[in-house]
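J.: Contents are mmCIF, N, CA and C atoms; file name final-v1.cif:
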```
data_entry
#
loop_
_atom_site.group_PDB
_atom_site.id
_atom_site.type_symbol
_atom_site.label_atom_id
_atom_site.label_comp_id
_atom_site.auth_asym_id
_atom_site.auth_seq_id
_atom_site.Cartn_x
_atom_site.Cartn_y
_atom_site.Cartn_z
ATOM 1 N N MET A 1 162.788 75.297 65.963
ATOM 2 C CA MET A 1 161.635 75.406 66.827
ATOM 3 C C MET A 1 160.862 76.673 66.477
ATOM 4 N N LYS A 2 159.560 76.547 66.341
ATOM 5 C CA LYS A 2 158.754 77.701 65.963
ATOM 6 C C LYS A 2 158.423 78.553 67.181
ATOM 7 N N THR A 3 158.193 79.835 66.951
ATOM 8 C CA THR A 3 157.836 80.751 68.022
ATOM 9 C C THR A 3 156.345 80.649 68.282
ATOM 10 N N ILE A 4 155.966 80.353 69.511
ATOM 11 C CA ILE A 4 154.553 80.200 69.855
ATOM 12 C C ILE A 4 154.017 81.494 70.455
ATOM 13 N N ILE A 5 154.708 82.033 71.455
ATOM 14 C CA ILE A 5 154.253 83.260 72.111
ATOM 15 C C ILE A 5 154.854 84.447 71.375
ATOM 16 N N ARG A 6 153.992 85.295 70.838
ATOM 17 C CA ARG A 6 154.471 86.476 70.138
ATOM 18 C C ARG A 6 154.661 87.651 71.087
ATOM 19 N N LYS A 7 153.663 87.914 71.946
ATOM 20 C CA LYS A 7 153.813 88.991 72.923
ATOM 21 C C LYS A 7 152.744 88.866 73.992
ATOM 22 N N VAL A 8 153.010 89.500 75.123
ATOM 23 C CA VAL A 8 152.029 89.600 76.193
ATOM 24 C C VAL A 8 151.253 90.879 75.937
ATOM 25 N N SER A 9 149.939 90.768 75.763
ATOM 26 C CA SER A 9 149.117 91.931 75.452
ATOM 27 C C SER A 9 148.827 92.722 76.713
ATOM 28 N N VAL A 10 149.159 94.000 76.694
ATOM 29 C CA VAL A 10 148.865 94.890 77.805
ATOM 30 C C VAL A 10 147.731 95.806 77.341
ATOM 31 N N THR A 11 146.504 95.382 77.617
ATOM 32 C CA THR A 11 145.324 96.145 77.235
ATOM 33 C C THR A 11 144.450 96.352 78.462
ATOM 34 N N GLU A 12 143.359 97.066 78.283
ATOM 35 C CA GLU A 12 142.450 97.299 79.395
ATOM 36 C C GLU A 12 141.833 95.987 79.878
ATOM 37 N N LYS A 13 141.404 95.149 78.944
ATOM 38 C CA LYS A 13 140.843 93.863 79.332
ATOM 39 C C LYS A 13 141.909 92.988 79.989
ATOM 40 N N GLY A 14 143.115 93.046 79.465
ATOM 41 C CA GLY A 14 144.195 92.258 80.041
ATOM 42 C C GLY A 14 144.493 92.641 81.473
ATOM 43 N N SER A 15 144.384 93.923 81.798
ATOM 44 C CA SER A 15 144.632 94.337 83.175
ATOM 45 C C SER A 15 143.455 93.975 84.078
ATOM 46 N N LEU A 16 142.236 93.938 83.550
ATOM 47 C CA LEU A 16 141.081 93.554 84.348
ATOM 48 C C LEU A 16 141.100 92.071 84.707
ATOM 49 N N ILE A 17 141.478 91.221 83.764
ATOM 50 C CA ILE A 17 141.514 89.790 84.052
ATOM 51 C C ILE A 17 142.733 89.404 84.864
ATOM 52 N N GLY A 18 143.699 90.319 84.986
ATOM 53 C CA GLY A 18 144.878 90.064 85.802
ATOM 54 C C GLY A 18 144.526 89.861 87.261
ATOM 55 N N ALA A 19 143.394 90.428 87.700
ATOM 56 C CA ALA A 19 142.946 90.231 89.076
ATOM 57 C C ALA A 19 142.545 88.781 89.334
ATOM 58 N N ASN A 20 142.173 88.057 88.294
ATOM 59 C CA ASN A 20 141.779 86.646 88.401
ATOM 60 C C ASN A 20 142.947 85.706 88.117
ATOM 61 N N ASN A 21 144.177 86.241 88.154
ATOM 62 C CA ASN A 21 145.376 85.449 87.887
ATOM 63 C C ASN A 21 145.391 84.922 86.454
ATOM 64 N N GLN A 22 144.892 85.744 85.509
ATOM 65 C CA GLN A 22 144.882 85.384 84.093
ATOM 66 C C GLN A 22 145.712 86.396 83.310
ATOM 67 N N TYR A 23 146.290 85.938 82.215
ATOM 68 C CA TYR A 23 147.097 86.796 81.360
ATOM 69 C C TYR A 23 146.697 86.593 79.912
ATOM 70 N N GLN A 24 146.742 87.676 79.146
ATOM 71 C CA GLN A 24 146.347 87.659 77.740
ATOM 72 C C GLN A 24 147.614 87.684 76.896
ATOM 73 N N LEU A 25 147.737 86.722 75.979
ATOM 74 C CA LEU A 25 148.908 86.601 75.132
ATOM 75 C C LEU A 25 148.492 86.573 73.673
ATOM 76 N N GLU A 26 149.341 87.123 72.817
ATOM 77 C CA GLU A 26 149.156 86.932 71.380
ATOM 78 C C GLU A 26 150.065 85.789 70.982
ATOM 79 N N VAL A 27 149.478 84.761 70.351
ATOM 80 C CA VAL A 27 150.225 83.554 70.005
ATOM 81 C C VAL A 27 150.130 83.295 68.508
ATOM 82 N N ALA A 28 150.915 82.354 68.033
ATOM 83 C CA ALA A 28 150.886 81.968 66.624
ATOM 84 C C ALA A 28 149.529 81.347 66.286
ATOM 85 N N PRO A 29 148.945 81.656 65.134
ATOM 86 C CA PRO A 29 147.620 81.138 64.796
ATOM 87 C C PRO A 29 147.542 79.620 64.715
ATOM 88 N N GLU A 30 148.641 78.953 64.423
ATOM 89 C CA GLU A 30 148.613 77.491 64.299
ATOM 90 C C GLU A 30 148.924 76.783 65.615
ATOM 91 N N ALA A 31 149.154 77.534 66.691
ATOM 92 C CA ALA A 31 149.497 76.941 67.986
ATOM 93 C C ALA A 31 148.276 76.294 68.629
ATOM 94 N N THR A 32 148.482 75.137 69.238
ATOM 95 C CA THR A 32 147.409 74.440 69.941
ATOM 96 C C THR A 32 147.486 74.760 71.432
ATOM 97 N N LYS A 33 146.434 74.411 72.172
ATOM 98 C CA LYS A 33 146.410 74.683 73.609
ATOM 99 C C LYS A 33 147.538 73.981 74.366
ATOM 100 N N PRO A 34 147.822 72.695 74.089
ATOM 101 C CA PRO A 34 148.949 72.063 74.782
ATOM 102 C C PRO A 34 150.297 72.716 74.456
ATOM 103 N N GLU A 35 150.480 73.163 73.220
ATOM 104 C CA GLU A 35 151.719 73.854 72.855
ATOM 105 C C GLU A 35 151.839 75.188 73.579
ATOM 106 N N ILE A 36 150.714 75.925 73.697
ATOM 107 C CA ILE A 36 150.716 77.207 74.396
ATOM 108 C C ILE A 36 151.041 76.986 75.866
ATOM 109 N N ARG A 37 150.419 75.985 76.474
ATOM 110 C CA ARG A 37 150.676 75.671 77.890
ATOM 111 C C ARG A 37 152.155 75.376 78.113
ATOM 112 N N ALA A 38 152.739 74.522 77.269
ATOM 113 C CA ALA A 38 154.147 74.150 77.423
ATOM 114 C C ALA A 38 155.063 75.350 77.213
ATOM 115 N N ALA A 39 154.742 76.208 76.256
ATOM 116 C CA ALA A 39 155.578 77.376 75.982
ATOM 117 C C ALA A 39 155.546 78.370 77.131
ATOM 118 N N VAL A 40 154.374 78.611 77.715
ATOM 119 C CA VAL A 40 154.258 79.538 78.839
ATOM 120 C C VAL A 40 154.997 78.987 80.045
ATOM 121 N N GLU A 41 154.823 77.708 80.334
ATOM 122 C CA GLU A 41 155.503 77.111 81.480
ATOM 123 C C GLU A 41 157.026 77.130 81.308
ATOM 124 N N ALA A 42 157.507 76.899 80.092
ATOM 125 C CA ALA A 42 158.951 76.896 79.853
ATOM 126 C C ALA A 42 159.531 78.306 79.869
ATOM 127 N N GLN A 43 158.838 79.270 79.260
ATOM 128 C CA GLN A 43 159.383 80.610 79.129
ATOM 129 C C GLN A 43 159.313 81.411 80.427
ATOM 130 N N PHE A 44 158.204 81.291 81.158
ATOM 131 C CA PHE A 44 158.015 82.112 82.341
ATOM 132 C C PHE A 44 158.209 81.353 83.656
ATOM 133 N N GLY A 45 158.331 80.048 83.633
ATOM 134 C CA GLY A 45 158.563 79.262 84.838
ATOM 135 C C GLY A 45 157.385 79.262 85.792
ATOM 136 N N VAL A 46 156.166 79.155 85.253
ATOM 137 C CA VAL A 46 154.944 79.128 86.063
ATOM 138 C C VAL A 46 154.158 77.867 85.741
ATOM 139 N N HIS A 47 153.085 77.604 86.495
ATOM 140 C CA HIS A 47 152.227 76.450 86.247
ATOM 141 C C HIS A 47 150.887 76.946 85.716
ATOM 142 N N VAL A 48 150.484 76.455 84.549
ATOM 143 C CA VAL A 48 149.253 76.872 83.884
ATOM 144 C C VAL A 48 148.134 75.907 84.257
ATOM 145 N N THR A 49 146.981 76.461 84.674
ATOM 146 C CA THR A 49 145.840 75.607 84.997
ATOM 147 C C THR A 49 144.875 75.485 83.826
ATOM 148 N N SER A 50 144.735 76.547 83.003
ATOM 149 C CA SER A 50 143.861 76.443 81.828
ATOM 150 C C SER A 50 144.300 77.419 80.754
ATOM 151 N N VAL A 51 143.923 77.094 79.514
ATOM 152 C CA VAL A 51 144.216 77.936 78.357
ATOM 153 C C VAL A 51 142.935 78.077 77.557
ATOM 154 N N ASN A 52 142.510 79.311 77.308
ATOM 155 C CA ASN A 52 141.367 79.592 76.436
ATOM 156 C C ASN A 52 141.878 80.386 75.246
ATOM 157 N N THR A 53 141.425 80.032 74.040
ATOM 158 C CA THR A 53 141.913 80.704 72.841
ATOM 159 C C THR A 53 140.755 81.267 72.031
ATOM 160 N N SER A 54 141.076 82.273 71.219
ATOM 161 C CA SER A 54 140.116 82.812 70.261
ATOM 162 C C SER A 54 140.884 83.270 69.029
ATOM 163 N N ASN A 55 140.349 82.948 67.867
ATOM 164 C CA ASN A 55 140.970 83.294 66.598
ATOM 165 C C ASN A 55 140.360 84.568 66.048
ATOM 166 N N TYR A 56 141.207 85.411 65.464
ATOM 167 C CA TYR A 56 140.761 86.629 64.820
ATOM 168 C C TYR A 56 141.168 86.550 63.360
ATOM 169 N N ARG A 57 140.193 86.623 62.482
ATOM 170 C CA ARG A 57 140.483 86.478 61.055
ATOM 171 C C ARG A 57 140.996 87.802 60.489
ATOM 172 N N SER A 58 141.594 87.731 59.319
ATOM 173 C CA SER A 58 142.049 88.948 58.660
ATOM 174 C C SER A 58 140.840 89.668 58.069
ATOM 175 N N ARG A 59 140.966 90.976 57.926
ATOM 176 C CA ARG A 59 139.868 91.748 57.375
ATOM 177 C C ARG A 59 140.419 92.810 56.452
ATOM 178 N N SER A 60 139.573 93.336 55.577
ATOM 179 C CA SER A 60 139.985 94.371 54.639
ATOM 180 C C SER A 60 139.930 95.736 55.299
ATOM 181 N N VAL A 61 140.937 96.546 55.006
ATOM 182 C CA VAL A 61 141.014 97.888 55.548
ATOM 183 C C VAL A 61 141.311 98.839 54.405
ATOM 184 N N ALA A 62 140.560 99.932 54.324
ATOM 185 C CA ALA A 62 140.795 100.936 53.289
ATOM 186 C C ALA A 62 141.958 101.825 53.702
ATOM 187 N N THR A 63 142.829 102.137 52.742
ATOM 188 C CA THR A 63 143.955 103.023 53.013
ATOM 189 C C THR A 63 143.637 104.417 52.495
ATOM 190 N N ARG A 64 144.532 105.352 52.751
ATOM 191 C CA ARG A 64 144.308 106.737 52.321
ATOM 192 C C ARG A 64 144.350 106.870 50.807
ATOM 193 N N THR A 65 144.993 105.937 50.125
ATOM 194 C CA THR A 65 145.115 106.014 48.670
ATOM 195 C C THR A 65 143.987 105.266 47.966
ATOM 196 N N ARG A 66 142.916 104.987 48.711
ATOM 197 C CA ARG A 66 141.721 104.305 48.187
ATOM 198 C C ARG A 66 141.994 102.887 47.702
ATOM 199 N N ARG A 67 142.954 102.277 48.314
ATOM 200 C CA ARG A 67 143.220 100.857 48.071
ATOM 201 C C ARG A 67 142.815 100.099 49.312
ATOM 202 N N THR A 68 142.670 98.803 49.155
ATOM 203 C CA THR A 68 142.362 97.989 50.323
ATOM 204 C C THR A 68 143.524 97.044 50.593
ATOM 205 N N THR A 69 143.777 96.835 51.857
ATOM 206 C CA THR A 69 144.805 95.896 52.276
ATOM 207 C C THR A 69 144.190 94.932 53.283
ATOM 208 N N GLN A 70 144.889 93.874 53.575
ATOM 209 C CA GLN A 70 144.414 92.878 54.529
ATOM 210 C C GLN A 70 145.199 93.009 55.828
ATOM 211 N N THR A 71 144.513 92.930 56.968
ATOM 212 C CA THR A 71 145.194 92.864 58.249
ATOM 213 C C THR A 71 145.630 91.420 58.493
ATOM 214 N N GLN A 72 146.542 91.227 59.429
ATOM 215 C CA GLN A 72 147.029 89.896 59.738
ATOM 216 C C GLN A 72 146.017 89.129 60.583
ATOM 217 N N ALA A 73 145.863 87.858 60.307
ATOM 218 C CA ALA A 73 145.077 86.986 61.182
ATOM 219 C C ALA A 73 145.929 86.687 62.409
ATOM 220 N N TRP A 74 145.299 86.635 63.594
ATOM 221 C CA TRP A 74 146.050 86.371 64.811
ATOM 222 C C TRP A 74 145.205 85.579 65.779
ATOM 223 N N LYS A 75 145.839 85.107 66.821
ATOM 224 C CA LYS A 75 145.169 84.273 67.815
ATOM 225 C C LYS A 75 145.500 84.813 69.205
ATOM 226 N N ARG A 76 144.472 84.871 70.053
ATOM 227 C CA ARG A 76 144.654 85.331 71.425
ATOM 228 C C ARG A 76 144.477 84.148 72.363
ATOM 229 N N ALA A 77 145.331 84.081 73.365
ATOM 230 C CA ALA A 77 145.223 83.051 74.387
ATOM 231 C C ALA A 77 145.112 83.729 75.743
ATOM 232 N N ILE A 78 144.120 83.303 76.533
ATOM 233 C CA ILE A 78 143.997 83.764 77.905
ATOM 234 C C ILE A 78 144.426 82.595 78.786
ATOM 235 N N VAL A 79 145.518 82.794 79.512
ATOM 236 C CA VAL A 79 146.158 81.751 80.290
ATOM 237 C C VAL A 79 145.875 81.997 81.765
ATOM 238 N N THR A 80 145.370 80.971 82.465
ATOM 239 C CA THR A 80 145.131 81.055 83.901
ATOM 240 C C THR A 80 146.251 80.315 84.627
ATOM 241 N N LEU A 81 146.817 80.981 85.633
ATOM 242 C CA LEU A 81 147.926 80.410 86.396
ATOM 243 C C LEU A 81 147.446 79.928 87.757
ATOM 244 N N ARG A 82 148.292 79.133 88.415
ATOM 245 C CA ARG A 82 147.998 78.696 89.778
ATOM 246 C C ARG A 82 147.945 79.917 90.694
ATOM 247 N N PRO A 83 147.162 79.850 91.772
ATOM 248 C CA PRO A 83 147.125 80.977 92.716
ATOM 249 C C PRO A 83 148.508 81.255 93.291
ATOM 250 N N GLY A 84 148.845 82.528 93.353
ATOM 251 C CA GLY A 84 150.129 82.944 93.911
ATOM 252 C C GLY A 84 151.236 83.097 92.888
ATOM 253 N N GLU A 85 151.036 82.685 91.648
ATOM 254 C CA GLU A 85 152.055 82.806 90.610
ATOM 255 C C GLU A 85 151.747 83.997 89.719
ATOM 256 N N ARG A 86 152.814 84.588 89.165
ATOM 257 C CA ARG A 86 152.660 85.768 88.313
ATOM 258 C C ARG A 86 153.613 85.687 87.134
ATOM 259 N N ILE A 87 153.265 86.386 86.080
ATOM 260 C CA ILE A 87 154.168 86.599 84.940
ATOM 261 C C ILE A 87 154.646 88.041 85.055
ATOM 262 N N GLU A 88 155.956 88.225 85.107
ATOM 263 C CA GLU A 88 156.513 89.570 85.211
ATOM 264 C C GLU A 88 156.538 90.196 83.818
ATOM 265 N N ILE A 89 155.776 91.269 83.649
ATOM 266 C CA ILE A 89 155.720 91.978 82.373
ATOM 267 C C ILE A 89 156.669 93.147 82.430
ATOM 268 N N VAL A 90 157.612 93.178 81.497
ATOM 269 C CA VAL A 90 158.631 94.231 81.494
ATOM 270 C C VAL A 90 158.133 95.424 80.742
#
```
Please rewrite the model in this file as structure tokens.

T.:
Amino acid sequence: MKTIIRKVSVTEKGSLIGANNQYQLEVAPEATKPEIRAAVEAQFGVHVTSVNTSNYRSRSVATRTRRTTQTQAWKRAIVTLRPGERIEIV
């Protein structure tokens, strides 16, 4: 079984949308919305009402040795839960 949820992102935007019962997750780039929904419901024991995703492509970054490297491509999912439910972030 492949890993779908990589981590729960704790950022400034993530804490702002937490007031709307939404959580920001970093997920596998090949994961689909139904797979993300099922993984969140199974892992955290909550009910998901919607999943919004956005893809971030890799980009070139200059290093100190004047070489360029590529950053990893990743995918962000913003998951909305039923009212009254929470994901406990450790």

J.: I need the strand (DSSP E or B) residues of chain A per DSSP on the backbone, written as an mmCIF file with N, CA and C atoms, in the frame of the given file.

T.:
```
data_model
loop_
_atom_site.group_PDB
_atom_site.id
_atom_site.type_symbol
_atom_site.label_atom_id
_atom_site.label_comp_id
_atom_site.auth_asym_id
_atom_site.auth_seq_id
_atom_site.Cartn_x
_atom_site.Cartn_y
_atom_site.Cartn_z
ATOM 1 N N ILE A 5 154.708 82.033 71.455
ATOM 2 C CA ILE A 5 154.253 83.260 72.111
ATOM 3 C C ILE A 5 154.854 84.447 71.375
ATOM 4 N N ARG A 6 153.992 85.295 70.838
ATOM 5 C CA ARG A 6 154.471 86.476 70.138
ATOM 6 C C ARG A 6 154.661 87.651 71.087
ATOM 7 N N LYS A 7 153.663 87.914 71.946
ATOM 8 C CA LYS A 7 153.813 88.991 72.923
ATOM 9 C C LYS A 7 152.744 88.866 73.992
ATOM 10 N N VAL A 8 153.010 89.500 75.123
ATOM 11 C CA VAL A 8 152.029 89.600 76.193
ATOM 12 C C VAL A 8 151.253 90.879 75.937
ATOM 13 N N GLN A 22 144.892 85.744 85.509
ATOM 14 C CA GLN A 22 144.882 85.384 84.093
ATOM 15 C C GLN A 22 145.712 86.396 83.310
ATOM 16 N N TYR A 23 146.290 85.938 82.215
ATOM 17 C CA TYR A 23 147.097 86.796 81.360
ATOM 18 C C TYR A 23 146.697 86.593 79.912
ATOM 19 N N GLN A 24 146.742 87.676 79.146
ATOM 20 C CA GLN A 24 146.347 87.659 77.740
ATOM 21 C C GLN A 24 147.614 87.684 76.896
ATOM 22 N N LEU A 25 147.737 86.722 75.979
ATOM 23 C CA LEU A 25 148.908 86.601 75.132
ATOM 24 C C LEU A 25 148.492 86.573 73.673
ATOM 25 N N GLU A 26 149.341 87.123 72.817
ATOM 26 C CA GLU A 26 149.156 86.932 71.380
ATOM 27 C C GLU A 26 150.065 85.789 70.982
ATOM 28 N N VAL A 27 149.478 84.761 70.351
ATOM 29 C CA VAL A 27 150.225 83.554 70.005
ATOM 30 C C VAL A 27 150.130 83.295 68.508
ATOM 31 N N VAL A 48 150.484 76.455 84.549
ATOM 32 C CA VAL A 48 149.253 76.872 83.884
ATOM 33 C C VAL A 48 148.134 75.907 84.257
ATOM 34 N N THR A 49 146.981 76.461 84.674
ATOM 35 C CA THR A 49 145.840 75.607 84.997
ATOM 36 C C THR A 49 144.875 75.485 83.826
ATOM 37 N N SER A 50 144.735 76.547 83.003
ATOM 38 C CA SER A 50 143.861 76.443 81.828
ATOM 39 C C SER A 50 144.300 77.419 80.754
ATOM 40 N N VAL A 51 143.923 77.094 79.514
ATOM 41 C CA VAL A 51 144.216 77.936 78.357
ATOM 42 C C VAL A 51 142.935 78.077 77.557
ATOM 43 N N ASN A 52 142.510 79.311 77.308
ATOM 44 C CA ASN A 52 141.367 79.592 76.436
ATOM 45 C C ASN A 52 141.878 80.386 75.246
ATOM 46 N N THR A 53 141.425 80.032 74.040
ATOM 47 C CA THR A 53 141.913 80.704 72.841
ATOM 48 C C THR A 53 140.755 81.267 72.031
ATOM 49 N N SER A 54 141.076 82.273 71.219
ATOM 50 C CA SER A 54 140.116 82.812 70.261
ATOM 51 C C SER A 54 140.884 83.270 69.029
ATOM 52 N N ASN A 55 140.349 82.948 67.867
ATOM 53 C CA ASN A 55 140.970 83.294 66.598
ATOM 54 C C ASN A 55 140.360 84.568 66.048
ATOM 55 N N TYR A 56 141.207 85.411 65.464
ATOM 56 C CA TYR A 56 140.761 86.629 64.820
ATOM 57 C C TYR A 56 141.168 86.550 63.360
ATOM 58 N N SER A 60 139.573 93.336 55.577
ATOM 59 C CA SER A 60 139.985 94.371 54.639
ATOM 60 C C SER A 60 139.930 95.736 55.299
ATOM 61 N N VAL A 61 140.937 96.546 55.006
ATOM 62 C CA VAL A 61 141.014 97.888 55.548
ATOM 63 C C VAL A 61 141.311 98.839 54.405
ATOM 64 N N ALA A 62 140.560 99.932 54.324
ATOM 65 C CA ALA A 62 140.795 100.936 53.289
ATOM 66 C C ALA A 62 141.958 101.825 53.702
ATOM 67 N N THR A 68 142.670 98.803 49.155
ATOM 68 C CA THR A 68 142.362 97.989 50.323
ATOM 69 C C THR A 68 143.524 97.044 50.593
ATOM 70 N N THR A 69 143.777 96.835 51.857
ATOM 71 C CA THR A 69 144.805 95.896 52.276
ATOM 72 C C THR A 69 144.190 94.932 53.283
ATOM 73 N N GLN A 70 144.889 93.874 53.575
ATOM 74 C CA GLN A 70 144.414 92.878 54.529
ATOM 75 C C GLN A 70 145.199 93.009 55.828
ATOM 76 N N TRP A 74 145.299 86.635 63.594
ATOM 77 C CA TRP A 74 146.050 86.371 64.811
ATOM 78 C C TRP A 74 145.205 85.579 65.779
ATOM 79 N N LYS A 75 145.839 85.107 66.821
ATOM 80 C CA LYS A 75 145.169 84.273 67.815
ATOM 81 C C LYS A 75 145.500 84.813 69.205
ATOM 82 N N ARG A 76 144.472 84.871 70.053
ATOM 83 C CA ARG A 76 144.654 85.331 71.425
ATOM 84 C C ARG A 76 144.477 84.148 72.363
ATOM 85 N N ALA A 77 145.331 84.081 73.365
ATOM 86 C CA ALA A 77 145.223 83.051 74.387
ATOM 87 C C ALA A 77 145.112 83.729 75.743
ATOM 88 N N ILE A 78 144.120 83.303 76.533
ATOM 89 C CA ILE A 78 143.997 83.764 77.905
ATOM 90 C C ILE A 78 144.426 82.595 78.786
ATOM 91 N N VAL A 79 145.518 82.794 79.512
ATOM 92 C CA VAL A 79 146.158 81.751 80.290
ATOM 93 C C VAL A 79 145.875 81.997 81.765
ATOM 94 N N THR A 80 145.370 80.971 82.465
ATOM 95 C CA THR A 80 145.131 81.055 83.901
ATOM 96 C C THR A 80 146.251 80.315 84.627
ATOM 97 N N LEU A 81 146.817 80.981 85.633
ATOM 98 C CA LEU A 81 147.926 80.410 86.396
ATOM 99 C C LEU A 81 147.446 79.928 87.757
#
```

J.: Just so the selection is clear, what residues does the PyMOL selection byres (((chain A and resi 50-52 and name CA) around 7) and name CA) cover here, as an MDAnalysis selection string?

T.: chainID A and resid 33 37 48:49 53 77:80

J.: Suppose you want the space between atom CA of A:Ser54 and atom C of A:Arg67; what is it in Å?

T.: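 Here the two named atoms are 27.3 Å from each other.
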
J.: Go through chain A and collect every residue that DSSP, computed from the backbone, puts in helix (DSSP H, G or I); the answer should be as a PyMOL selection string.

T.: chain A and resi 12-20+33-44

J.: Could you list, as an mmCIF file with N, CA and C atoms, in the coordinates of the input, every residue within 7 Å of A:Val8, counting only C-alpha atoms and ignoring same-chain residues fewer than 3 positions away?

T.:
```
data_model
loop_
_atom_site.group_PDB
_atom_site.id
_atom_site.type_symbol
_atom_site.label_atom_id
_atom_site.label_comp_id
_atom_site.auth_asym_id
_atom_site.auth_seq_id
_atom_site.Cartn_x
_atom_site.Cartn_y
_atom_site.Cartn_z
ATOM 1 N N GLN A 24 146.742 87.676 79.146
ATOM 2 C CA GLN A 24 146.347 87.659 77.740
ATOM 3 C C GLN A 24 147.614 87.684 76.896
ATOM 4 N N LEU A 25 147.737 86.722 75.979
ATOM 5 C CA LEU A 25 148.908 86.601 75.132
ATOM 6 C C LEU A 25 148.492 86.573 73.673
ATOM 7 N N GLU A 26 149.341 87.123 72.817
ATOM 8 C CA GLU A 26 149.156 86.932 71.380
ATOM 9 C C GLU A 26 150.065 85.789 70.982
#
```

J.: One decimal, Å: what's the distance from atom CA of A:Lys2 over to atom CA of A:Gln22, could you say?

T.: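 Atom CA of A:Gln22 lies at a distance of 24.1 Å from atom CA of A:Lys2.
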
J.: For stretch 9-11 of chain A, find every residue with an atom within 9 Å (counting only C-alpha atoms), except residues of its own chain fewer than 2 positions away, and show them as a compact mmCIF listing (two decimals) with N, CA and C atoms, keeping the file's coordinate frame.

T.:
```txt
# COMPACT_ATOMS: atom_id res chain seq x y z
N LYS A 7 153.66 87.91 71.95
CA LYS A 7 153.81 88.99 72.92
C LYS A 7 152.74 88.87 73.99
N LYS A 13 141.40 95.15 78.94
CA LYS A 13 140.84 93.86 79.33
C LYS A 13 141.91 92.99 79.99
N GLY A 14 143.12 93.05 79.46
CA GLY A 14 144.20 92.26 80.04
C GLY A 14 144.49 92.64 81.47
N SER A 15 144.38 93.92 81.80
CA SER A 15 144.63 94.34 83.18
C SER A 15 143.46 93.98 84.08
N LEU A 16 142.24 93.94 83.55
CA LEU A 16 141.08 93.55 84.35
C LEU A 16 141.10 92.07 84.71
N TYR A 23 146.29 85.94 82.22
CA TYR A 23 147.10 86.80 81.36
C TYR A 23 146.70 86.59 79.91
N GLN A 24 146.74 87.68 79.15
CA GLN A 24 146.35 87.66 77.74
C GLN A 24 147.61 87.68 76.90
N LEU A 25 147.74 86.72 75.98
CA LEU A 25 148.91 86.60 75.13
C LEU A 25 148.49 86.57 73.67
N GLU A 26 149.34 87.12 72.82
CA GLU A 26 149.16 86.93 71.38
C GLU A 26 150.06 85.79 70.98
N ARG A 76 144.47 84.87 70.05
CA ARG A 76 144.65 85.33 71.42
C ARG A 76 144.48 84.15 72.36
N ILE A 89 155.78 91.27 83.65
CA ILE A 89 155.72 91.98 82.37
C ILE A 89 156.67 93.15 82.43
```

J.: I'd like the residues picked by the PyMOL selection byres (((chain A and resi 39-47 and name CA) around 7) and name CA) written out as number ranges by chain, using the chain letters and numbers from the file.

T.: A: 4, 35-38, 48-49, 81-82, 85, 87

J.: How many Å lie between atom C of A:Tyr56 and atom CA of A:Ala73, rounded to one decimal?

T.: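 Distance between the two atoms: 4.5 Å.
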
J.: Give me the box for stretch 79-89 of chain A as lines of an AutoDock Vina configuration file, namely the centre and edge lengths in Å to one decimal of a box along x, y and z that holds every listed atom plus 6 Å on each side.

T.:
```
center_x = 150.9
center_y = 85.9
center_z = 86.7
size_x = 23.5
size_y = 26.5
size_z = 26.4
```

J.: Which is closer to A:Arg6 than all the others in A:Lys75, A:Arg86, A:Arg59, A:Arg66, using only C-alpha atoms?

T.: A:Lys75

J.: From the list A:Ser58, A:Trp74, A:Thr3, A:Pro83, which residue is nearest A:Asn20 when using all atoms listed in the file?

T.: A:Pro83

J.: Hey, which of A:Asn21, A:Val61, A:Thr32, A:Thr68 ends up closest to A:Ile5? Count only C-alpha atoms.

T.: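 Closest candidate: A:Thr32.
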
J.: Grab stretch 44-54 of chain A from that structure and dump N, CA and C atoms to a file, as a PDB file, in the first residue's frame.

T.:
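Okay, this is what ended up in out.pdb:
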```
ATOM      1  N   PHE A  44      -7.270   9.251  10.648  1.00  0.00           N
ATOM      2  CA  PHE A  44      -7.627  10.125  11.750  1.00  0.00           C
ATOM      3  C   PHE A  44      -9.014   9.844  12.335  1.00  0.00           C
ATOM      4  N   GLY A  45      -9.818   9.017  11.714  1.00  0.00           N
ATOM      5  CA  GLY A  45     -11.134   8.667  12.232  1.00  0.00           C
ATOM      6  C   GLY A  45     -12.112   9.825  12.222  1.00  0.00           C
ATOM      7  N   VAL A  46     -12.103  10.619  11.146  1.00  0.00           N
ATOM      8  CA  VAL A  46     -13.007  11.765  11.003  1.00  0.00           C
ATOM      9  C   VAL A  46     -13.797  11.620   9.712  1.00  0.00           C
ATOM     10  N   HIS A  47     -14.777  12.503   9.492  1.00  0.00           N
ATOM     11  CA  HIS A  47     -15.568  12.492   8.266  1.00  0.00           C
ATOM     12  C   HIS A  47     -15.202  13.721   7.440  1.00  0.00           C
ATOM     13  N   VAL A  48     -14.790  13.507   6.195  1.00  0.00           N
ATOM     14  CA  VAL A  48     -14.351  14.574   5.300  1.00  0.00           C
ATOM     15  C   VAL A  48     -15.528  15.017   4.440  1.00  0.00           C
ATOM     16  N   THR A  49     -15.755  16.341   4.373  1.00  0.00           N
ATOM     17  CA  THR A  49     -16.830  16.853   3.526  1.00  0.00           C
ATOM     18  C   THR A  49     -16.314  17.293   2.162  1.00  0.00           C
ATOM     19  N   SER A  50     -15.068  17.809   2.089  1.00  0.00           N
ATOM     20  CA  SER A  50     -14.516  18.185   0.782  1.00  0.00           C
ATOM     21  C   SER A  50     -13.001  18.134   0.813  1.00  0.00           C
ATOM     22  N   VAL A  51     -12.421  17.975  -0.380  1.00  0.00           N
ATOM     23  CA  VAL A  51     -10.970  17.947  -0.552  1.00  0.00           C
ATOM     24  C   VAL A  51     -10.629  18.870  -1.706  1.00  0.00           C
ATOM     25  N   ASN A  52      -9.752  19.840  -1.466  1.00  0.00           N
ATOM     26  CA  ASN A  52      -9.233  20.714  -2.521  1.00  0.00           C
ATOM     27  C   ASN A  52      -7.735  20.477  -2.621  1.00  0.00           C
ATOM     28  N   THR A  53      -7.218  20.371  -3.848  1.00  0.00           N
ATOM     29  CA  THR A  53      -5.800  20.083  -4.030  1.00  0.00           C
ATOM     30  C   THR A  53      -5.145  21.139  -4.906  1.00  0.00           C
ATOM     31  N   SER A  54      -3.827  21.258  -4.750  1.00  0.00           N
ATOM     32  CA  SER A  54      -3.032  22.110  -5.628  1.00  0.00           C
ATOM     33  C   SER A  54      -1.659  21.471  -5.789  1.00  0.00           C
TER      34      SER A  54
END
```
